[in-house]
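Everything below concerns the one structure shown next.
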Amino acid sequence: MSPFAAWLLTTLAASTALMLLVLGVRGAVRRWIGPGLAYALWALPAARMILPPLAIDGAGELPLAGPIARKMLVLASGTAGGSDVSGQWALPSGWFIMLAIWAAGAAALLGIHAIRHFAFCHRLRATGTASGRVGKVRIIAADVDGPVAFGVFRRFVAVPRDFALAYDEREQALALAHECAHHARGDLVANWAALVMLAVHWWNPVAWIASRAFHDDQEFAADAHVLARAGRSAVAPYAALLAKAAGVGAPPVCNLNARSSLKGRLMMLDQKPRSMRAVVIGGSLMLLCGGAALAASAVQPGRAPAAAGKQAVTIAVKPDGSGAYALIVGGRSVAPGAALPGGLTLPASFGKGGGCDLKAAAKPSAHAIKGIGGEQTYTVMCASAAPASVRATLDEGLASLRKMRASVATQQASAAFPETERAHALGAIDRSIREVQGSLAGLG
């Protein structure tokens, strides 16, 4: 399994576990702390989805030498001609097919809902009639069953064409306050995030249940937001408003008043607002418990922290300075078949079978490889960049130094480059030239 596939499976499983956790506690949190904090719980599975990739294969650790030398298994190698690391990410055909089906399902669900959403919004904007503004939110009368908020960058609230007749003035004010609260609280942005989350989990029944619960909690939180500002005298007209507006149909990224949640929303109207002290204490406990749950879900199965008795081994392929190439382990040159730290041995066929030809004609570049023994895969990367011989490198350096000296020698002394500095630079270049010439003389 590739690292990406392993990370994806771990992340999907962990986010599903967090969805189940939120589904289990959201009702109690809503009753005892408040709807707003119950709604905030849904940030946990979303946060788990965007954690960075987790290395779960334990690569990089080697046990200390044991009594029996074990062979290092080199299963993948880069091709000569580039630093090809595709071996690390190559997938068996079965995993590739599963990932392709998952990606196709996610793209299809997201695409279908996005098309529906933009068509719905376009229709409302094209056929609606301007009815005023509430702050930066434009109100339009359109063919909708009840008030509905839509638009992230251009914010709208669509109301029925008979809005003024079907709702009294208090109900109209409360309806607009509710829909504008969705805009102000960023609920429509959260709806897009929830849709992406659902698309990623399109095959997961827990995610579909969680999606509906998320939208219900969003409505509970918006109701509490409006009533906290309107006062308890608004409960009766607000209940009438909910009954009239229930059953609005809209894409999931818009805000709608589903009839299925009407009973729960009406029951929530009788709940008295919690004191600030209860909210602060409850919110602090939620933050601690939520952080602990998120951290627990991020534990890397199969990879324990490096402990005493573990060590990392780096193997490199490097020119040895005489036209040949060597394997370097821990700063020392080793030969194929030699014992390595961790009780491993480098295969005697490493020079060919491992994908790195150490012969001078192959001219591999230096690349480090890390891993552990047993069933782990080692990736060896060889490139075709040809390191020059020592003499060729020194000759090239000597030519550059001489060119530099000629350039400095022809420079005229000035205030910016006085004669003393020019003489100092020439002296330093001359010393470097003599050192390179000495090295060349030593090569014979």
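Chains: A, B, ... in order of the structure tokens. Residues: from 1 per chain. Ligands: from 1, in order shown.
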Give me every helix (DSSP H, G or I) residue in range 90-286 of chain A, going by DSSP on the backbone, as a PyMOL selection string. chain A and resi 93-127+163-166+169-184+187-200+205-230+232-245+259-268+276-286
Contacts of Leu20 in chain A at 10 Å (only C-alpha atoms; same-chain gap of 2+ positions) as a VMD selection string: chain A and resid 14 to 18 22 to 25 45 206 to 207 209 to 210
Tell me which protein, DNA and RNA residues are within 9 Å of Arg31 in chain A, counting only C-alpha atoms, leaving out same-chain ones fewer than 5 positions away, and put them as a PyMOL selection string. chain A and resi 26+38+268+271
Applying 7 Å and only C-alpha atoms, which residues near range 225-242 of chain A remain after dropping the ones on its own chain fewer than 3 positions away? List them as a PyMOL selection string. chain A and resi 170-171+174+177-178+221-222+245-246+266+269
So that I can check the secondary structure, give me every residue of range 110-271 of chain A assigned strand (DSSP E or B) by backbone DSSP, as a ChimeraX atom specification. /A:129-134,137-142,148-150,156-160
Pick out the residues sitting within 12 Å of Gly442 in chain A, and hand them over as a list in words; count only C-alpha atoms, and ignore anything fewer than 4 positions along from it in its own chain. Val390, Arg391, Leu394, Glu435, Val436, Gln437 and Gly438 of chain A
Can I get the selected residues back with C-alpha atoms, as a tab-separated table (two decimals), in the first residue's frame?
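Everything below was put into part30.tsv:
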chain	number	residue	atom	x	y	z
A	390	VAL	CA	38.76	14.75	-9.71
A	391	ARG	CA	41.31	16.03	-12.27
A	394	LEU	CA	40.32	20.69	-10.45
A	435	GLU	CA	46.66	25.10	-3.77
A	436	VAL	CA	44.80	23.74	-6.80
A	437	GLN	CA	48.05	23.38	-8.74
A	438	GLY	CA	49.49	21.45	-5.80
With only C-alpha atoms as the basis for distance, which of A:Ala47, A:Leu165, A:Ile281, A:Met197 is at the shortest distance from Ala295 in chain A?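 Closest to Ala295 in chain A of all the choices is A:Ala47.
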Just want the 8 Å neighbourhood of Gly128 in chain A, counted on only C-alpha atoms, with same-chain residues fewer than 2 positions away dropped. Output as an mmCIF file with N, CA and C atoms, in the first residue's frame.
data_model
loop_
_atom_site.group_PDB
_atom_site.id
_atom_site.type_symbol
_atom_site.label_atom_id
_atom_site.label_comp_id
_atom_site.auth_asym_id
_atom_site.auth_seq_id
_atom_site.Cartn_x
_atom_site.Cartn_y
_atom_site.Cartn_z
ATOM 1 N N ARG A 123 -31.064 30.823 -11.210
ATOM 2 C CA ARG A 123 -32.497 30.977 -11.448
ATOM 3 C C ARG A 123 -33.108 32.026 -10.540
ATOM 4 N N LEU A 124 -32.713 31.999 -9.265
ATOM 5 C CA LEU A 124 -33.270 32.985 -8.338
ATOM 6 C C LEU A 124 -32.830 34.398 -8.702
ATOM 7 N N ARG A 125 -31.545 34.553 -9.055
ATOM 8 C CA ARG A 125 -31.075 35.900 -9.412
ATOM 9 C C ARG A 125 -31.712 36.394 -10.710
ATOM 10 N N ALA A 126 -31.929 35.455 -11.656
ATOM 11 C CA ALA A 126 -32.469 35.858 -12.950
ATOM 12 C C ALA A 126 -33.951 36.199 -12.888
ATOM 13 N N ALA A 130 -35.771 42.631 -6.863
ATOM 14 C CA ALA A 130 -35.112 43.268 -5.719
ATOM 15 C C ALA A 130 -36.148 43.796 -4.735
ATOM 16 N N ILE A 140 -34.315 39.502 -2.312
ATOM 17 C CA ILE A 140 -35.042 39.401 -3.567
ATOM 18 C C ILE A 140 -36.294 38.553 -3.353
ATOM 19 N N ALA A 141 -37.363 38.919 -4.054
ATOM 20 C CA ALA A 141 -38.600 38.127 -4.052
ATOM 21 C C ALA A 141 -38.525 37.182 -5.239
ATOM 22 N N ALA A 142 -38.709 35.898 -4.969
ATOM 23 C CA ALA A 142 -38.556 34.895 -6.032
ATOM 24 C C ALA A 142 -39.515 33.747 -5.795
ATOM 25 N N ASP A 143 -39.447 32.774 -6.679
ATOM 26 C CA ASP A 143 -40.338 31.618 -6.583
ATOM 27 C C ASP A 143 -39.750 30.589 -5.623
ATOM 28 N N ALA A 158 -33.506 35.047 -0.490
ATOM 29 C CA ALA A 158 -34.699 34.995 -1.339
ATOM 30 C C ALA A 158 -35.920 34.758 -0.458
#
